[in-house]
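Enquirer: Quick one, coords20.csv (CSV, C-alpha atoms and all ligand atoms):
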```csv
chain,number,residue,atom,x,y,z
A,21,MET,CA,0.0,0.0,0.0
A,22,GLN,CA,1.9,3.0,-1.3
A,23,LEU,CA,0.4,5.5,1.1
A,24,LEU,CA,1.6,3.4,4.0
A,25,ILE,CA,5.1,2.9,2.5
A,26,ASP,CA,5.5,6.6,1.9
A,27,ARG,CA,4.5,7.3,5.5
A,28,ILE,CA,7.0,4.8,6.9
A,29,LEU,CA,9.7,6.3,4.8
A,30,LYS,CA,8.8,9.8,5.9
A,31,ASP,CA,8.1,9.3,9.6
A,32,GLY,CA,9.4,5.8,10.6
A,33,SER,CA,12.8,5.3,12.2
A,34,VAL,CA,14.9,2.2,12.6
A,35,LYS,CA,16.0,1.5,16.2
A,36,PRO,CA,18.7,-1.0,17.5
A,37,GLY,CA,17.4,-4.5,17.8
A,38,ASN,CA,15.5,-4.5,14.5
A,39,ILE,CA,12.7,-2.3,15.8
A,40,LEU,CA,10.9,0.0,13.5
A,41,LYS,CA,9.5,2.9,15.3
A,42,VAL,CA,6.2,4.2,13.9
A,43,ASP,CA,4.7,5.7,17.0
A,44,SER,CA,4.1,9.1,15.4
A,45,PHE,CA,1.3,7.7,13.2
A,46,LEU,CA,0.5,4.1,13.9
A,47,ASN,CA,0.8,2.9,17.5
A,48,HIS,CA,1.2,5.8,19.9
A,49,ARG,CA,-0.1,9.0,18.2
A,50,ILE,CA,-2.7,7.7,15.7
A,51,ASP,CA,-3.4,9.1,12.2
A,52,ILE,CA,-7.1,8.2,11.8
A,53,THR,CA,-7.2,9.1,8.1
A,54,LEU,CA,-4.4,6.5,7.5
A,55,TYR,CA,-6.3,4.0,9.8
A,56,ASN,CA,-9.3,4.4,7.6
A,57,GLU,CA,-7.3,3.8,4.4
A,58,ILE,CA,-5.9,0.7,6.1
A,59,GLY,CA,-9.4,-0.5,6.9
A,60,LYS,CA,-10.6,0.0,3.4
A,61,GLU,CA,-7.6,-1.9,2.0
A,62,PHE,CA,-8.2,-4.8,4.3
A,63,ALA,CA,-11.8,-4.9,3.1
A,64,ARG,CA,-10.7,-4.9,-0.5
A,65,LEU,CA,-8.2,-7.7,0.1
A,66,PHE,CA,-10.6,-9.9,2.0
A,67,GLU,CA,-13.7,-9.1,-0.1
A,68,GLY,CA,-16.0,-12.1,-0.5
A,69,GLU,CA,-14.7,-13.9,2.6
A,70,ARG,CA,-18.0,-13.3,4.5
A,71,ILE,CA,-16.0,-12.3,7.6
A,72,ASN,CA,-18.2,-11.8,10.7
A,73,LYS,CA,-15.6,-11.4,13.4
A,74,ILE,CA,-12.3,-9.7,13.8
A,75,LEU,CA,-9.7,-11.0,16.3
A,76,THR,CA,-6.7,-8.9,17.4
A,77,ILE,CA,-4.4,-8.6,20.3
A,78,GLU,CA,-4.0,-5.8,22.8
A,79,ALA,CA,-2.9,-3.1,22.7
A,80,SER,CA,-1.9,-1.8,19.3
A,81,GLY,CA,-4.1,-4.0,17.3
A,82,ILE,CA,-7.3,-2.8,18.9
A,83,GLY,CA,-7.6,0.6,17.2
A,84,ILE,CA,-6.7,-0.7,13.8
A,85,ALA,CA,-9.3,-3.5,14.1
A,86,CYS,CA,-12.0,-1.2,15.3
A,87,ILE,CA,-11.6,1.2,12.4
A,88,ALA,CA,-11.3,-1.8,9.9
A,89,ALA,CA,-14.4,-3.4,11.3
A,90,GLN,CA,-16.5,-0.6,9.9
A,91,TYR,CA,-15.6,-1.8,6.5
A,92,PHE,CA,-16.6,-5.3,7.4
A,93,ASP,CA,-20.3,-4.5,8.1
A,94,ASN,CA,-19.4,-3.4,11.7
A,95,SER,CA,-18.3,-7.0,12.6
A,96,PRO,CA,-17.6,-7.3,16.3
A,97,VAL,CA,-14.0,-7.0,17.3
A,98,VAL,CA,-12.5,-9.3,19.9
A,99,PHE,CA,-9.1,-8.7,21.3
A,100,ALA,CA,-6.9,-11.2,23.0
A,101,LYS,CA,-5.8,-10.1,26.5
A,102,LYS,CA,-2.2,-10.5,27.6
A,103,ALA,CA,-1.8,-12.2,31.0
A,104,LYS,CA,1.3,-12.6,33.0
A,105,SER,CA,0.0,-15.3,35.4
A,106,GLN,CA,-1.6,-18.6,34.8
A,107,ASN,CA,-4.8,-18.1,36.9
A,108,VAL,CA,-7.1,-18.9,33.9
A,109,ASP,CA,-10.5,-20.4,34.3
A,110,GLY,CA,-12.0,-23.0,31.9
A,111,GLY,CA,-14.0,-20.3,30.2
A,112,MET,CA,-11.0,-19.0,28.2
A,113,TYR,CA,-9.1,-20.1,25.2
A,114,THR,CA,-5.4,-19.6,25.9
A,115,SER,CA,-2.1,-19.7,24.0
A,116,MET,CA,1.5,-18.8,24.6
A,117,VAL,CA,3.3,-15.9,22.8
A,118,GLU,CA,7.0,-15.1,22.8
A,119,SER,CA,7.2,-11.3,22.8
A,120,PHE,CA,9.5,-9.8,20.2
A,121,THR,CA,9.6,-6.3,21.6
A,122,TYR,CA,9.8,-7.2,25.3
A,123,GLY,CA,11.8,-10.4,25.1
A,124,ARG,CA,9.7,-12.6,27.3
A,125,GLY,CA,6.7,-14.8,26.9
A,126,TYR,CA,3.1,-14.3,28.0
A,127,ASP,CA,-0.3,-16.0,27.7
A,128,ILE,CA,-3.1,-14.6,25.6
A,129,LEU,CA,-6.7,-15.2,26.6
A,130,VAL,CA,-10.0,-15.0,24.8
A,131,SER,CA,-13.3,-15.8,26.4
A,132,LYS,CA,-15.1,-18.8,24.9
A,133,LYS,CA,-18.2,-16.7,24.9
A,134,PHE,CA,-16.9,-14.4,22.2
A,135,ILE,CA,-15.7,-16.7,19.5
A,136,GLY,CA,-17.2,-20.0,18.3
A,137,ALA,CA,-17.7,-22.5,15.4
A,138,GLU,CA,-20.2,-20.2,13.6
A,139,ASP,CA,-17.6,-17.5,13.2
A,140,ARG,CA,-15.6,-16.5,10.1
A,141,VAL,CA,-12.6,-14.8,11.5
A,142,LEU,CA,-10.1,-12.2,10.2
A,143,LEU,CA,-7.0,-11.7,12.3
A,144,ILE,CA,-5.6,-8.1,12.4
A,145,ASP,CA,-2.3,-6.8,13.9
A,146,ASP,CA,0.0,-3.9,13.5
A,147,PHE,CA,3.3,-5.8,13.1
A,148,LEU,CA,4.3,-9.3,12.0
A,149,ALA,CA,7.9,-10.2,12.9
A,150,ASN,CA,8.8,-13.7,14.0
A,151,GLY,CA,5.1,-14.6,13.9
A,152,SER,CA,4.6,-15.6,17.5
A,153,ALA,CA,1.7,-13.2,18.2
A,154,LEU,CA,0.0,-14.4,15.0
A,155,TYR,CA,0.6,-18.1,15.8
A,156,GLY,CA,-1.1,-17.5,19.2
A,157,LEU,CA,-4.2,-16.0,17.5
A,158,ILE,CA,-4.3,-18.8,14.9
A,159,ASP,CA,-4.1,-21.3,17.8
A,160,ILE,CA,-7.1,-19.7,19.5
A,161,VAL,CA,-9.2,-19.7,16.3
A,162,LYS,CA,-8.4,-23.4,15.9
A,163,GLN,CA,-9.4,-24.1,19.5
A,164,SER,CA,-12.7,-22.3,19.0
A,165,GLY,CA,-13.6,-24.3,15.8
A,166,ALA,CA,-14.2,-21.0,13.9
A,167,THR,CA,-13.1,-20.6,10.3
A,168,LEU,CA,-9.9,-18.7,9.8
A,169,CYS,CA,-10.4,-16.5,6.7
A,170,GLY,CA,-6.9,-14.8,6.9
A,171,ALA,CA,-4.7,-12.3,8.6
A,172,GLY,CA,-4.4,-8.6,7.8
A,173,ILE,CA,-1.1,-7.1,8.9
A,174,VAL,CA,-0.1,-3.5,8.6
A,175,ILE,CA,3.7,-3.9,8.6
A,176,GLU,CA,5.5,-7.2,8.1
A,177,LYS,CA,9.2,-7.4,8.8
A,178,GLY,CA,9.7,-10.0,6.1
A,179,PHE,CA,13.4,-10.6,7.0
A,180,GLN,CA,12.3,-12.1,10.3
A,181,GLY,CA,10.5,-14.9,8.4
A,182,GLY,CA,7.3,-15.2,10.5
A,183,GLY,CA,5.0,-14.2,7.6
A,184,ASP,CA,6.3,-16.7,5.1
A,185,LYS,CA,6.2,-19.5,7.6
A,186,ILE,CA,2.6,-18.8,8.4
A,187,ARG,CA,1.8,-18.5,4.6
A,188,ALA,CA,3.4,-21.9,4.2
A,189,MET,CA,0.8,-23.3,6.7
A,190,GLY,CA,-1.9,-22.2,4.2
A,191,VAL,CA,-3.0,-19.0,6.0
A,192,ASN,CA,-3.9,-16.1,3.7
A,193,VAL,CA,-1.6,-13.5,5.2
A,194,GLN,CA,-1.9,-10.0,3.6
A,195,SER,CA,0.5,-7.4,4.7
A,196,LEU,CA,0.2,-3.8,3.5
A,197,ALA,CA,3.9,-3.2,3.7
A,198,ILE,CA,6.6,-5.8,3.8
A,199,ILE,CA,10.1,-4.8,4.8
A,200,GLU,CA,12.9,-6.8,3.3
A,201,LYS,CA,15.7,-5.0,4.9
A,202,MET,CA,16.3,-2.1,7.2
A,203,ASP,CA,19.2,-0.4,8.9
A,204,GLU,CA,20.3,3.1,9.8
A,205,HIS,CA,20.8,3.8,6.1
A,206,GLY,CA,17.3,3.1,5.0
A,207,ILE,CA,14.4,0.7,4.5
A,208,VAL,CA,13.8,-1.6,1.6
A,209,PHE,CA,10.4,-3.0,0.8
A,210,ARG,CA,9.4,-6.3,-0.8
A,211,ALA,CA,8.0,-5.5,-4.3
A,212,ASN,CA,4.7,-7.3,-3.7
A,213,GLY,CA,4.2,-5.5,-0.4
A,214,ASP,CA,3.1,-2.6,-2.5
A,215,LYS,CA,-0.4,-3.8,-3.2
B,301,LIG,P1,6.0,-11.3,16.4
B,301,LIG,O1,5.2,-12.1,17.4
B,301,LIG,O2,5.5,-11.5,15.0
B,301,LIG,O3,7.5,-11.6,16.5
B,301,LIG,O4,5.9,-9.8,16.8
B,301,LIG,C1,4.6,-9.2,16.6
B,301,LIG,C2,4.4,-8.2,17.8
B,301,LIG,O5,5.6,-7.6,18.2
B,301,LIG,C3,3.5,-7.1,17.3
B,301,LIG,O6,2.2,-7.3,17.9
B,301,LIG,C4,4.1,-5.8,17.7
B,301,LIG,O7,3.4,-5.3,18.7
B,301,LIG,C5,5.5,-6.2,18.1
B,301,LIG,N1,6.6,-5.8,17.1
B,301,LIG,C6,7.4,-6.6,16.4
B,301,LIG,N2,8.3,-5.9,15.7
B,301,LIG,C7,8.1,-4.6,16.0
B,301,LIG,C8,8.7,-3.4,15.5
B,301,LIG,O8,9.7,-3.4,14.7
B,301,LIG,N3,8.2,-2.2,15.9
B,301,LIG,C9,7.1,-2.2,16.8
B,301,LIG,N4,6.7,-1.0,17.1
B,301,LIG,N5,6.5,-3.3,17.3
B,301,LIG,C10,7.0,-4.5,16.9
```
Using structure tokens, write down the structure from this file.
Ligand code: 5GP
Expert:
Amino acid sequence: MQLLIDRILKDGSVKPGNILKVDSFLNHRIDITLYNEIGKEFARLFEGERINKILTIEASGIGIACIAAQYFDNSPVVFAKKAKSQNVDGGMYTSMVESFTYGRGYDILVSKKFIGAEDRVLLIDDFLANGSALYGLIDIVKQSGATLCGAGIVIEKGFQGGGDKIRAMGVNVQSLAIIEKMDEHGIVFRANGDK
């Protein structure tokens, strides 16, 4: 998505440890006009999938998912909660995620009341790096018996390999910008990330 790529080039910055900082428009201060364009693009990419639920993960995924949901007939958004301790009752689906940004693992939880076999689910997140967060969400969809229609990602760091591994599992992963390489000299995008 050219609008997003241009914005990353203009306002994004590369930090040590392979972190792309985009907090001036994506995940701290939020550009709602850009979020709307992202939502429209996800709707175009997943047209015809009859999606009736969007599943994301707190915190940065929530805003993106809520704006995008308006382009999917106001489908409800469910967000997986991050939990540090294991005091989980039987009413929750749970999965383990290794955090890329914080360097430690945590559990994610979704109430069994809010996702079930009748659902056609789109996963949404801001970043895809090693793929652990997305694996966790896929695991929860599997546990629920819902149909996984695909995953819409705003920025994929392709060089970390998570996206391609998950595509190889047969999941329709659509990323609006795929970074092939980044360092203090610049950012190189994968050609087909410009959809
Ligand atoms: P993964 O589980 O795919 O390794 O990482 C995905 C999660 O880590 C995303 O939900 C996102 O919050 C965070 N993340 C990964 N890489 C970056 C990055 O370069 N910048 C920022 N801001 N967040 C990232």
Enquirer: With only C-alpha atoms as the basis for distance, which of A:Gly59, A:Gly32, A:Gly172, A:Gly190 is at the shortest distance from A:Asp145?
Expert: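 Counting only C-alpha atoms, the residue closest to A:Asp145 is A:Gly172.
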Enquirer: Please check which protein, DNA or RNA residues sit within 6 Å of ligand LIG 301 (chain B), counting all atoms listed in the file, and write them as number ranges by chain.
Expert: A: 38-41, 119-121, 146-153
Enquirer: Restricting the calculation to only C-alpha atoms, which member of A:Arg140, A:Arg70, A:Lys133, A:Lys185 is positioned closest to A:Gly110?
Expert: A:Lys133
Enquirer: Quick one: of A:Lys35, A:Lys132, A:Arg124, A:Lys177, who's nearest to A:Val98, counting all atoms listed in the file?
Expert: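 Of A:Lys35, A:Lys132, A:Arg124, A:Lys177, the one nearest A:Val98, counting all atoms listed in the file, is A:Lys132.
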Enquirer: So, counting only C-alpha atoms, which residue among A:Thr76, A:Ser33, A:Gln90, A:Asn56 is closest to A:Glu204?
Expert: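 Counting only C-alpha atoms, the residue closest to A:Glu204 is A:Ser33.
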Enquirer: Please indicate the distance in Å from atom CA of A:Arg64 to atom CA of A:Ile87, rounded to one decimal place.
Expert: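 Here the two named atoms are 14.3 Å from each other.
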Enquirer: Taking into account only C-alpha atoms, which residue in the set A:Gly125, A:Gly83, A:Gly136, A:Pro96 is nearest to A:Ala166?
Expert: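 For A:Ala166, the nearest of the candidates is A:Gly136.
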Enquirer: Which value, in Å to one decimal, gives the distance between atom CA of A:Val97 and atom CA of A:Phe209?
Expert: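 Atom CA of A:Phe209 lies at a distance of 29.7 Å from atom CA of A:Val97.
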Enquirer: Which distance in Å separates atom CA of A:Leu154 and atom CA of A:Ala137, to one decimal?
Expert: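 Atom CA of A:Ala137 lies at a distance of 19.5 Å from atom CA of A:Leu154.
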Enquirer: Set the distance at 8 Å and use all atoms listed in the file: which residues neighbour A:Met202 once local chain neighbours fewer than 5 positions away are removed? I'd like the list as a list of chain:residue names.
Expert: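 The filter keeps A:Val34, A:Asn38, A:Ile207, A:Val208.
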